[in-house]
>>> print(open('entry_26.cif').read())   # mmCIF, C-alpha atoms
data_run
loop_
_atom_site.label_atom_id
_atom_site.label_comp_id
_atom_site.auth_asym_id
_atom_site.auth_seq_id
_atom_site.Cartn_x
_atom_site.Cartn_y
_atom_site.Cartn_z
CA MET D 44 306.54 146.41 169.57
CA GLN D 45 304.85 146.75 172.94
CA ARG D 46 304.00 143.67 174.96
CA ARG D 47 300.35 143.32 175.86
CA VAL D 48 299.94 143.24 179.64
CA GLN D 49 297.61 140.46 180.72
CA PRO D 50 295.25 141.34 183.58
CA THR D 51 295.91 139.53 186.83
CA SER D 52 293.37 137.14 188.28
CA GLU D 53 292.66 139.66 191.05
CA ALA D 54 292.08 142.40 188.45
CA VAL D 55 289.63 140.13 186.60
CA ARG D 56 287.85 139.29 189.84
CA ALA D 57 287.64 142.97 190.80
CA ALA D 58 286.13 143.77 187.39
CA ASN D 59 283.60 140.95 187.76
CA ARG D 60 282.74 142.11 191.26
CA ALA D 61 282.17 145.61 189.91
CA ARG D 62 279.73 144.20 187.32
CA VAL D 63 277.71 142.49 190.06
CA VAL D 64 277.69 145.62 192.21
CA ASP D 65 276.74 147.80 189.23
CA ILE D 66 273.62 145.73 188.55
CA LEU D 67 272.63 145.82 192.22
CA ARG D 68 273.07 149.59 192.23
CA ARG D 69 271.07 150.13 189.05
CA SER D 70 268.26 147.69 189.79
CA GLY D 71 268.03 148.17 193.56
CA SER D 72 267.87 144.40 194.12
CA ALA D 73 268.31 141.23 192.09
CA THR D 74 268.20 137.46 192.43
CA ARG D 75 271.29 135.40 191.78
CA ALA D 76 269.74 134.24 188.50
CA GLU D 77 269.24 137.86 187.43
CA LEU D 78 272.86 138.62 188.27
CA VAL D 79 273.99 135.67 186.15
CA SER D 80 271.85 136.88 183.25
CA GLY D 81 272.85 140.53 183.61
CA THR D 82 276.60 139.98 183.98
CA GLY D 83 277.07 136.99 181.67
CA LEU D 84 279.16 135.34 184.40
CA SER D 85 278.72 131.74 185.45
CA ARG D 86 276.44 130.82 188.33
CA ALA D 87 279.45 129.64 190.35
CA THR D 88 281.33 132.91 189.79
CA VAL D 89 278.32 135.01 190.79
CA SER D 90 277.77 132.89 193.90
CA SER D 91 281.43 133.32 194.89
CA LEU D 92 281.33 137.10 194.34
CA VAL D 93 278.09 137.49 196.28
CA GLY D 94 279.64 135.48 199.11
CA GLU D 95 282.67 137.79 199.12
CA LEU D 96 280.48 140.90 199.22
CA ALA D 97 278.43 139.33 202.03
CA ASP D 98 281.59 138.54 204.01
CA ARG D 99 282.48 142.22 203.79
CA GLY D 100 279.03 143.21 205.05
CA LEU D 101 278.07 144.95 201.80
CA VAL D 102 275.18 142.73 200.64
CA SER D 103 272.04 141.62 202.45
CA GLU D 104 269.16 139.31 201.65
CA LEU D 105 265.87 141.16 201.48
CA PRO D 106 262.89 139.93 203.53
CA GLN D 107 260.79 137.52 201.46
CA PRO D 108 257.19 138.58 200.74
CA ALA D 109 254.42 136.03 201.19
CA ALA D 110 254.38 133.75 198.15
CA ASP D 111 251.23 133.57 196.01
CA ALA D 112 252.31 130.28 194.47
CA PRO D 113 253.65 127.07 196.02
CA GLY D 114 257.38 126.90 196.59
CA ARG D 115 259.90 129.34 197.99
CA PRO D 116 260.47 132.48 195.88
CA PRO D 117 264.09 133.19 194.87
CA THR D 118 266.04 135.27 197.36
CA ARG D 119 266.63 138.88 196.37
CA LEU D 120 269.93 140.53 197.19
CA ALA D 121 270.64 144.22 197.76
CA LEU D 122 273.55 146.40 198.74
CA ASN D 123 273.16 147.79 202.25
CA ARG D 124 274.28 150.99 203.95
CA ALA D 125 277.80 149.63 204.51
CA ALA D 126 278.27 149.83 200.72
CA GLY D 127 277.57 153.55 200.75
CA LEU D 128 275.01 156.31 201.30
CA ALA D 129 273.76 159.01 198.94
CA ILE D 130 272.60 162.58 199.52
CA ALA D 131 269.78 164.05 197.40
CA VAL D 132 268.84 167.73 197.28
CA ASP D 133 265.82 169.26 195.52
CA VAL D 134 265.74 173.04 195.07
CA GLY D 135 262.30 174.13 193.91
CA VAL D 136 260.61 177.47 193.33
CA ARG D 137 258.98 177.29 196.78
CA HIS D 138 260.88 174.60 198.70
CA VAL D 139 264.14 172.90 199.55
CA ALA D 140 264.20 169.15 200.28
CA VAL D 141 267.00 166.80 201.32
CA ALA D 142 267.09 163.00 201.61
CA VAL D 143 269.68 160.37 202.52
CA GLY D 144 269.40 156.85 201.12
CA ASP D 145 271.47 153.69 200.84
CA LEU D 146 272.39 151.67 197.76
CA SER D 147 269.42 149.32 198.22
CA ARG D 148 267.22 152.39 197.59
CA SER D 149 266.00 152.64 201.16
CA VAL D 150 265.33 156.25 202.17
CA LEU D 151 266.86 156.63 205.62
CA ALA D 152 265.89 160.24 206.37
CA GLU D 153 264.15 163.09 204.56
CA ARG D 154 263.49 166.77 205.30
CA TRP D 155 261.36 169.41 203.55
CA VAL D 156 261.46 173.19 204.13
CA SER D 157 258.88 175.51 202.55
CA LEU D 158 260.17 178.81 201.17
CA PRO D 159 258.46 181.84 199.61
CA GLN D 160 258.60 182.14 195.83
CA GLY D 161 261.58 184.25 194.84
CA HIS D 162 263.59 183.22 197.93
CA SER D 163 267.21 184.30 197.94
CA ALA D 164 269.92 181.87 196.92
CA GLU D 165 271.95 182.82 200.01
CA ARG D 166 269.14 181.84 202.37
CA GLY D 167 268.28 178.75 200.34
CA THR D 168 271.90 177.54 200.28
CA HIS D 169 272.15 177.98 204.05
CA ILE D 170 268.99 175.90 204.48
CA VAL D 171 270.33 173.21 202.13
CA MET D 172 273.60 172.86 204.07
CA ARG D 173 271.88 172.76 207.47
CA SER D 174 269.28 170.31 206.17
CA ILE D 175 272.00 167.97 204.93
CA GLU D 176 273.67 168.06 208.35
CA THR D 177 270.37 167.35 210.10
CA THR D 178 269.32 164.59 207.70
CA LEU D 179 272.69 162.84 207.94
CA ALA D 180 272.37 162.93 211.72
CA GLU D 181 268.85 161.48 211.53
CA ALA D 182 270.18 158.71 209.29
CA GLU D 183 273.07 158.09 211.72
CA ALA D 184 275.42 158.36 208.75
CA ASP D 185 279.18 158.38 209.04
CA ARG D 186 281.04 160.76 206.76
CA ASP D 187 283.07 157.96 205.17
CA GLN D 188 279.87 156.13 204.17
CA ILE D 189 278.74 158.92 201.81
CA VAL D 190 279.54 158.18 198.16
CA GLY D 191 278.07 161.29 196.53
CA ALA D 192 275.32 163.86 196.20
CA ALA D 193 272.93 164.89 193.42
CA ILE D 194 271.11 168.20 193.28
CA SER D 195 267.81 168.72 191.47
CA ILE D 196 267.19 172.27 190.27
CA ALA D 197 264.26 173.66 188.27
CA ALA D 198 266.41 174.97 185.41
CA PRO D 199 268.13 173.68 182.24
CA ILE D 200 271.58 172.41 183.27
CA ALA D 201 274.78 172.12 181.22
CA PRO D 202 275.81 168.44 181.45
CA ASP D 203 279.55 169.21 181.49
CA SER D 204 279.65 171.98 184.11
CA GLY D 205 276.40 172.05 186.08
CA ARG D 206 275.86 175.72 185.20
CA PHE D 207 272.43 177.09 184.34
CA LEU D 208 271.91 177.16 180.59
CA VAL D 209 269.22 179.82 181.03
CA PRO D 210 270.21 182.51 183.58
CA GLY D 211 267.47 183.93 185.79
CA VAL D 212 265.22 180.86 186.00
CA LEU D 213 266.00 180.70 189.74
CA PRO D 214 267.41 184.19 190.45
CA GLY D 215 270.71 184.15 192.29
CA TRP D 216 271.13 180.38 192.34
CA ASN D 217 274.17 178.74 190.81
CA GLY D 218 274.01 174.98 190.56
CA SER D 219 277.73 174.41 190.11
CA GLU D 220 278.61 176.58 193.13
CA LEU D 221 276.14 174.68 195.33
CA ALA D 222 277.59 171.37 194.13
CA GLU D 223 281.12 172.59 194.85
CA GLN D 224 280.14 173.69 198.35
CA ILE D 225 278.50 170.34 199.13
CA GLY D 226 281.40 168.41 197.63
CA ARG D 227 283.98 170.44 199.53
CA THR D 228 282.14 170.18 202.86
CA TRP D 229 281.67 166.43 202.79
CA GLY D 230 284.55 165.42 200.53
CA ILE D 231 282.34 163.75 197.90
CA PRO D 232 281.51 164.12 194.21
CA ALA D 233 278.34 166.20 193.69
CA ALA D 234 276.31 166.52 190.49
CA VAL D 235 273.60 168.96 189.37
CA GLU D 236 270.66 167.88 187.21
CA ASN D 237 267.42 169.33 185.87
CA ASP D 238 264.38 168.58 188.05
CA ALA D 239 262.25 167.10 185.25
CA ASN D 240 265.09 164.78 184.20
CA LEU D 241 265.36 163.53 187.76
CA GLY D 242 261.58 163.25 188.00
CA ALA D 243 261.71 160.89 185.01
CA LEU D 244 264.50 158.86 186.61
CA GLY D 245 262.70 158.66 189.96
CA GLU D 246 259.42 157.59 188.38
CA SER D 247 261.11 155.00 186.18
CA VAL D 248 262.90 153.46 189.16
CA VAL D 249 259.70 153.18 191.19
CA ALA D 250 257.36 152.27 188.33
CA ALA D 251 259.49 149.71 186.55
CA PRO D 252 261.93 147.85 188.75
CA LEU D 253 263.55 144.73 187.34
CA GLY D 254 260.73 142.38 186.42
CA GLY D 255 258.15 145.04 187.27
CA ASP D 256 255.73 147.23 185.37
CA PRO D 257 255.62 146.14 181.70
CA HIS D 258 254.73 149.71 180.69
CA GLY D 259 257.87 151.21 182.20
CA GLN D 260 260.47 150.78 179.47
CA ASP D 261 260.68 154.26 177.93
CA LEU D 262 259.12 156.92 180.12
CA LEU D 263 258.33 160.59 179.65
CA TYR D 264 257.82 162.63 182.82
CA VAL D 265 255.89 165.88 182.29
CA LYS D 266 256.17 168.34 185.16
CA LEU D 267 253.23 170.73 185.27
CA ALA D 268 253.84 173.35 187.91
CA SER D 269 254.62 177.06 187.59
CA ARG D 270 256.11 176.16 184.23
CA VAL D 271 256.20 173.05 182.02
CA GLY D 272 259.14 170.67 181.89
CA LEU D 273 259.86 167.25 180.41
CA GLY D 274 262.20 164.48 181.49
CA ILE D 275 263.04 161.49 179.29
CA ALA D 276 264.18 158.15 180.76
CA PHE D 277 265.01 155.31 178.41
CA GLY D 278 265.50 151.65 179.24
CA SER D 279 263.60 151.40 182.52
CA ARG D 280 263.17 147.63 182.29
CA SER D 281 266.83 146.92 181.65
CA ALA D 282 268.84 145.17 184.34
CA PHE D 283 271.15 148.15 184.05
CA GLY D 284 268.42 150.67 184.88
CA SER D 285 267.19 153.82 183.23
CA ARG D 286 269.21 156.44 181.43
CA ILE D 287 268.34 160.12 181.26
CA HIS D 288 268.32 161.60 177.76
CA ARG D 289 269.80 165.09 178.00
CA GLY D 290 270.43 165.90 174.35
CA HIS D 291 273.59 167.35 172.80
CA ASP D 292 273.81 170.49 174.96
CA GLY D 293 271.45 169.60 177.81
CA TYR D 294 268.33 171.24 176.38
CA ALA D 295 266.37 168.03 175.75
CA GLY D 296 262.97 168.23 177.40
CA GLU D 297 262.20 171.95 177.02
CA LEU D 298 258.58 171.05 176.26
CA GLY D 299 257.37 174.33 177.74
CA HIS D 300 258.96 176.20 174.83
CA VAL D 301 257.34 174.25 172.03
CA THR D 302 255.17 176.69 170.09
CA ALA D 303 251.51 176.33 170.95
CA ASP D 304 250.41 179.48 169.07
CA PRO D 305 252.81 181.29 166.70
CA ASP D 306 250.76 184.46 167.11
CA GLY D 307 250.60 184.16 170.89
CA PRO D 308 252.15 186.41 173.54
CA ALA D 309 255.89 186.88 173.94
CA CYS D 310 257.64 184.41 176.24
CA TRP D 311 260.61 185.20 178.49
CA CYS D 312 262.71 182.85 176.29
CA GLY D 313 262.35 185.23 173.31
CA ARG D 314 259.84 183.17 171.33
CA ARG D 315 256.09 183.67 171.02
CA GLY D 316 253.18 181.48 172.08
CA CYS D 317 255.22 178.93 174.06
CA LEU D 318 253.27 176.03 175.56
CA GLU D 319 253.99 176.96 179.18
CA LEU D 320 252.22 180.31 178.65
CA TYR D 321 249.04 178.25 178.27
CA ALA D 322 249.65 175.01 180.19
CA GLY D 323 251.83 176.20 183.09
CA ALA D 324 250.34 177.63 186.28
CA GLU D 325 252.08 180.99 185.86
CA GLY D 326 250.75 181.27 182.32
CA MET D 327 247.21 180.37 183.39
CA LEU D 328 247.29 182.93 186.20
CA ALA D 329 248.62 185.58 183.79
CA ARG D 330 245.85 184.87 181.26
CA LEU D 331 243.23 185.15 183.98
CA ALA D 332 244.79 188.41 185.20
CA ALA D 333 244.48 189.76 181.65
CA ARG D 334 240.73 189.12 182.01
CA GLY D 335 240.68 191.04 185.29
CA ILE D 336 240.64 187.89 187.45
CA ARG D 337 243.59 187.96 189.85
CA LEU D 338 244.26 184.76 191.80
CA GLY D 339 246.87 184.36 194.51
CA ASP D 340 248.54 181.13 193.45
CA VAL D 341 248.11 177.73 191.83
CA ASN D 342 246.20 176.42 194.85
CA GLU D 343 243.55 179.11 194.42
CA LEU D 344 243.43 178.31 190.70
CA ILE D 345 242.67 174.67 191.51
CA ARG D 346 240.08 175.58 194.14
CA ARG D 347 238.25 177.89 191.72
CA ALA D 348 238.29 175.17 189.07
CA GLU D 349 236.82 172.66 191.53
CA ALA D 350 234.13 175.22 192.40
CA GLY D 351 233.14 175.43 188.72
CA ASP D 352 234.33 178.99 187.95
CA ALA D 353 233.59 179.33 184.22
CA ASP D 354 236.47 181.72 183.42
CA VAL D 355 239.00 179.56 185.24
CA LEU D 356 237.68 176.40 183.57
CA ALA D 357 237.93 178.03 180.13
CA VAL D 358 241.61 178.92 180.64
CA ILE D 359 242.40 175.46 182.03
CA ASP D 360 240.56 173.74 179.19
CA ASP D 361 242.48 175.73 176.57
CA GLY D 362 245.81 175.01 178.26
CA THR D 363 245.26 171.29 178.76
CA ARG D 364 244.09 170.81 175.17
CA ARG D 365 247.23 172.53 173.87
CA LEU D 366 249.31 170.33 176.18
CA ALA D 367 247.51 167.22 174.96
CA ARG D 368 248.25 168.06 171.31
CA SER D 369 251.93 168.54 172.15
CA LEU D 370 252.04 165.20 173.97
CA GLY D 371 250.38 163.51 171.00
CA ALA D 372 253.15 164.86 168.77
CA LEU D 373 255.79 163.69 171.25
CA ALA D 374 254.25 160.22 171.30
CA LEU D 375 254.60 160.01 167.51
CA VAL D 376 258.23 161.16 167.59
CA LEU D 377 259.53 159.24 170.63
CA ASN D 378 257.12 156.30 170.92
CA PRO D 379 257.22 156.07 174.75
CA SER D 380 255.52 153.26 176.61
CA VAL D 381 254.26 155.55 179.37
CA ILE D 382 253.79 159.26 179.99
CA THR D 383 253.73 160.26 183.66
CA LEU D 384 252.24 163.60 184.67
CA GLY D 385 253.64 165.28 187.77
CA GLY D 386 253.60 168.68 189.44
CA GLU D 387 250.96 170.74 191.21
CA LEU D 388 248.57 170.91 188.26
CA THR D 389 247.93 167.16 188.42
CA ALA D 390 245.50 168.09 191.23
CA LEU D 391 243.17 169.16 188.39
CA GLY D 392 242.41 165.46 187.92
CA PRO D 393 240.05 164.75 184.99
CA LEU D 394 240.29 168.35 183.77
CA LEU D 395 243.90 167.53 182.88
CA LEU D 396 243.79 163.80 182.25
CA ASP D 397 240.71 163.56 180.02
CA PRO D 398 242.03 165.67 177.11
CA VAL D 399 245.44 163.97 177.36
CA HIS D 400 243.87 160.50 177.27
CA ALA D 401 241.68 161.49 174.32
CA GLU D 402 244.59 162.89 172.29
CA LEU D 403 246.89 159.93 172.93
CA ALA D 404 244.13 157.45 172.13
CA ALA D 405 244.05 158.99 168.65
CA VAL D 406 247.76 158.33 167.97
CA PRO D 407 247.56 156.07 164.89
CA PHE D 408 250.58 153.78 165.31
CA GLY D 409 251.59 151.13 167.81
CA ALA D 410 250.14 150.19 171.17
CA PRO D 411 248.29 152.86 173.15
CA VAL D 412 250.55 155.02 175.28
CA ALA D 413 249.85 154.53 178.99
CA VAL D 414 249.16 157.79 180.87
CA ARG D 415 249.29 158.08 184.63
CA THR D 416 249.85 160.64 187.34
CA SER D 417 253.06 160.55 189.31
CA THR D 418 253.53 157.73 191.80
CA LEU D 419 255.93 159.85 193.84
CA GLY D 420 254.06 163.15 193.71
CA PRO D 421 256.19 166.09 194.91
CA ARG D 422 259.02 163.70 195.80
CA ALA D 423 259.73 162.61 192.21
CA SER D 424 262.75 164.86 191.58
CA LEU D 425 264.20 164.26 195.06
CA MET D 426 263.96 160.49 194.64
CA GLY D 427 265.42 160.83 191.15
CA ALA D 428 268.41 162.63 192.65
CA LEU D 429 268.96 159.67 194.99
CA ALA D 430 268.56 157.28 192.07
CA LEU D 431 271.19 159.21 190.06
CA VAL D 432 273.84 158.62 192.75
CA LEU D 433 272.75 155.04 193.32
CA SER D 434 272.77 154.07 189.63
CA GLU D 435 275.83 155.89 188.21
CA SER D 436 278.66 153.87 189.72
CA SER D 437 281.23 155.40 187.35
CA ARG D 438 280.66 158.84 188.92
CA PHE D 439 280.00 157.82 192.52
CA THR D 440 282.29 155.04 193.75
CA ASP D 441 280.92 152.77 196.50
CA GLN D 442 282.72 150.82 199.20
CA SER D 443 282.84 147.57 197.22
CA SER D 444 286.09 148.71 195.57
CA ALA D 445 287.76 149.54 198.89
CA PRO D 446 290.47 147.27 200.29
CA VAL D 447 289.15 144.18 202.04
CA ALA D 448 288.86 144.70 205.80
CA ALA D 449 288.21 142.28 208.62
CA ASN D 450 285.12 140.10 208.24
CA PRO D 451 282.17 142.05 209.68
CA GLY D 452 279.83 139.06 209.54
CA ARG D 453 277.95 136.84 207.13
CA MET D 454 274.89 137.86 205.18
CA THR D 455 271.78 138.74 207.13
CA ALA D 456 268.31 139.76 206.08
CA SER D 457 267.62 143.49 206.04
CA ALA D 458 265.06 144.68 208.53
CA ALA D 459 261.88 146.09 207.07
CA ALA D 460 260.61 149.33 208.55
CA PRO D 461 257.47 151.44 208.26
CA SER D 462 257.24 154.34 205.85
CA ARG D 463 257.13 158.04 206.64
CA SER D 464 255.53 161.22 205.46
CA PRO D 465 257.65 162.99 202.84
CA HIS D 466 257.02 166.39 204.40
CA SER D 467 257.76 165.54 208.02
CA PRO D 468 260.90 167.29 209.31
CA SER D 469 261.18 164.93 212.28
CA PRO D 470 263.50 161.87 212.36
CA SER D 471 261.87 159.01 210.57
CA SER D 472 262.15 155.35 209.74
CA HIS D 473 263.20 153.89 206.42
CA GLN D 474 261.24 153.44 203.24
CA SER D 475 262.12 152.22 199.79
CA LEU D 476 262.61 154.31 196.69
#
>>> encode(input="entry_26.cif", output="structure tokens")
Amino acid sequence: MQRRVQPTSEAVRAANRARVVDILRRSGSATRAELVSGTGLSRATVSSLVGELADRGLVSELPQPAADAPGRPPTRLALNRAAGLAIAVDVGVRHVAVAVGDLSRSVLAERWVSLPQGHSAERGTHIVMRSIETTLAEAEADRDQIVGAAISIAAPIAPDSGRFLVPGVLPGWNGSELAEQIGRTWGIPAAVENDANLGALGESVVAAPLGGDPHGQDLLYVKLASRVGLGIAFGSRSAFGSRIHRGHDGYAGELGHVTADPDGPACWCGRRGCLELYAGAEGMLARLAARGIRLGDVNELIRRAEAGDADVLAVIDDGTRRLARSLGALALVLNPSVITLGGELTALGPLLLDPVHAELAAVPFGAPVAVRTSTLGPRASLMGALALVLSESSRFTDQSSAPVAANPGRMTASAAAPSRSPHSPSPSSHQSL
């Protein structure tokens, strides 16, 4: 009979400290009362653990906003850059973007590079690696501060390996090879994730922080760009943050390949009449070309729609109505509290939103589903990549578990700083995710 080994008091304390840190990572910030509620630990234990983390320079008090009501608002705590930094990469059809952030969800530096559609993976990978170097320098980041990297790619991703589940979506790119190269260069774990999944995570973090937006509990993020994608984030209002729903094999969210017309044209996936052939920008441009109307890109499509071009408006109207019906069916199956629309086609404004609002208003059960356009715009997937590293402490270990070093100083308030343009390649100040 084996003797049961009792954990030491230090092991128990380390586990409790990890619970406090995990909530701070997932929620971005929390009051002491929220930490007590979220961990189930006593107020005295939480206070002692927060004091220890502060002594090690890992936790800071956030600046207090002006109070609307009498009395001092409770102090919010957040992990600072000493606890660790994260790298985010977003590989799109026509861009590469890189950001560096800390565990309080402050974006320290960000860089965007435009690329032509169909750019080579070799050139794109070179730009990614140089952009990471530049962004880390702008953030004044030390190599040993980096806890991990997450890469957003516009393709279905195998959860276990990071490989593309559908070859040829981004010709030449290999998500797992890029992750291996980043991990090897900086000595960190690196993960690959679908862009719509990370868009959902980014939007849920921004839209529904702890105690925030009451509509942010279960969020669907619909990316409407060249193609149509869907990300699903559950549990946005939890103290433990949102969770991406990937499905059994990683195919959850392939909304673009729901059948919109069984007698429709053949899709590259092998099916017929897929939704993205009608509601994605590439599909709309192809349908217009079949009518003899050849437009250069999605921006010209939007300009022609704004100018009142009847043929363009007819194709857009057909596509958005098919999309709206699909979202109505999704609302019945998944019962989300909010559907967020992102991607370039959100520039269509009411042409897109009106049919979606009308369809969802007709859903017969439960409270009306809130519909909004993306808060983060083109940055949604990039910010979701940061959020993935910041929230998944089991995959990306921060400095709170490192051996205790000399006291770097007691807790201080973090300095607030002005925001920056997401597309500026120049060094910038910090902003919050």
>>> resolve_selection(input="entry_26.cif", expression="the PyMOL selection byres ((chain D and resi 377-380) around 6)", output="list in words")
His258, Asp261, Leu262, Leu373, Ala374, Leu375, Val376, Val381 and Val412 of chain D
>>> atom_distance(input="entry_26.cif", atom1="CA of Ala332 in chain D", atom2="CA of Asp354 in chain D")
10.8 Å
>>> resolve_selection(input="entry_26.cif", expression="the PyMOL selection byres ((chain D and resi 400-405) around 8)", output="VMD selection string")
chain D and resid 367 to 368 370 to 371 374 396 to 399 406 to 407 411 to 412 414
>>> axis_aligned_box(input="entry_26.cif", around="range 170-184 of chain D", padding_each_side="4 Å", output="lines of an AutoDock Vina configuration file")
center_x = 272.1
center_y = 167.0
center_z = 206.9
size_x = 14.6
size_y = 25.8
size_z = 17.6
>>> resolve_selection(input="entry_26.cif", expression="the PyMOL selection byres ((chain D and resi 299) around 7)", output="JSON, numbers by chain")
{"D": [270, 271, 272, 297, 298, 300, 301, 317, 318, 319]}
>>> residues_around(input="entry_26.cif", residues="Thr118 in chain D", least_positions_apart="3", cutoff="8 Å", atoms="only C-alpha atoms", output="VMD selection string")
chain D and resid 74 to 75 104 to 105 107
>>> atom_distance(input="entry_26.cif", atom1="CA of Leu395 in chain D", atom2="CA of Arg286 in chain D")
27.7 Å
>>> closest_residue(input="entry_26.cif", among="D:Gly226, D:Ala61, D:Gly274, D:Leu366", to="Tyr294 in chain D", atoms="only C-alpha atoms")
D:Gly274
>>> closest_residue(input="entry_26.cif", among="D:Ala329, D:Leu344, D:Ala303, D:Ile130", to="Ala372 in chain D", atoms="all atoms listed in the file")
D:Ala303
>>> closest_residue(input="entry_26.cif", among="D:Gly94, D:Gly230, D:Pro393, D:Gly323", to="Phe439 in chain D", atoms="all atoms listed in the file")
D:Gly230
>>> atom_distance(input="entry_26.cif", atom1="CA of Thr363 in chain D", atom2="CA of Gly351 in chain D")
16.2 Å
>>> closest_residue(input="entry_26.cif", among="D:Gly420, D:Gly386, D:Gly245, D:Pro116", to="Val136 in chain D", atoms="all atoms listed in the file")
D:Gly386
>>> closest_residue(input="entry_26.cif", among="D:Ser247, D:Asn240, D:Thr228, D:Ser103", to="Ile194 in chain D", atoms="all atoms listed in the file")
D:Asn240
>>> closest_residue(input="entry_26.cif", among="D:Leu263, D:Ala322, D:Ala295, D:Ala152", to="Asp360 in chain D", atoms="all atoms listed in the file")
D:Ala322
>>> residues_near_point(input="entry_26.cif", point="(285.8, 159.9, 200.2)", cutoff="9 Å", atoms="all atoms listed in the file", output="number ranges by chain")
D: 186-191, 229-232, 440
>>> residues_near_point(input="entry_26.cif", point="(244.5, 176.6, 192.9)", cutoff="12 Å", atoms="all atoms listed in the file", output="MDAnalysis selection string")
chainID D and resid 268:269 324:325 327:328 337:350 352 355:356 359 387:391
